[in-house]
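Below is one structure, written out as structure tokens, with a few remarks after it.
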Amino acid sequence: MVRNGRAPVRASSCYFGRPPHVHVRVTAPGHRTLVTQLYPTPGQTTLAADFVLIRD
């Protein structure tokens with residue numbers, strides 16, 4: 001993971017009753033911020049599907 005285009009970071013936490021997930025926020029000058037979540041399955045090392053961003 002990259003934070004602000006600088007150093008890699010590693011994070012972990014445990015919230016009982018919540019499935020494991022990663023929050024992703026993507027920003028670019030002149031564009032709205034995209035916030036989404038990924039819910040990987042145990043042992044998953046790649047995304048199972050791609051996604052496409054389309055400008056409004």
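Ligands are numbered from 1 in the order shown, residues from 1 within each chain, and chains are lettered A, B, ... in the order they appear in the structure tokens.
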Do a neighbour search on A:Val24 at 9 Å with only C-alpha atoms, toss out local chain neighbours closer than 3 positions, and write the hits as a PDB file with C-alpha atoms, in the first residue's frame.
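File written: result.pdb
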```
ATOM      1  CA  LEU A  34     -13.367   7.992  -5.064  1.00  0.00           C
ATOM      2  CA  VAL A  35     -13.828   6.011  -1.845  1.00  0.00           C
ATOM      3  CA  THR A  36     -14.519   2.278  -2.014  1.00  0.00           C
ATOM      4  CA  GLN A  37     -13.933  -0.929  -0.079  1.00  0.00           C
ATOM      5  CA  LEU A  38     -12.414  -4.280  -1.048  1.00  0.00           C
TER       6      LEU A  38
END
```
Shell of 12 Å around A:His21, only C-alpha atoms, local chain residues under 4 positions omitted, as a count of residues only: 13
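Straight-line separation from atom CA of A:Gly30 to atom CA of A:Leu47: 27.5 Å.
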Interatomic distance (Å, one decimal) between atom CA of A:Gly43 and atom CA of A:Pro20: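 Atom CA of A:Pro20 lies at a distance of 11.7 Å from atom CA of A:Gly43.
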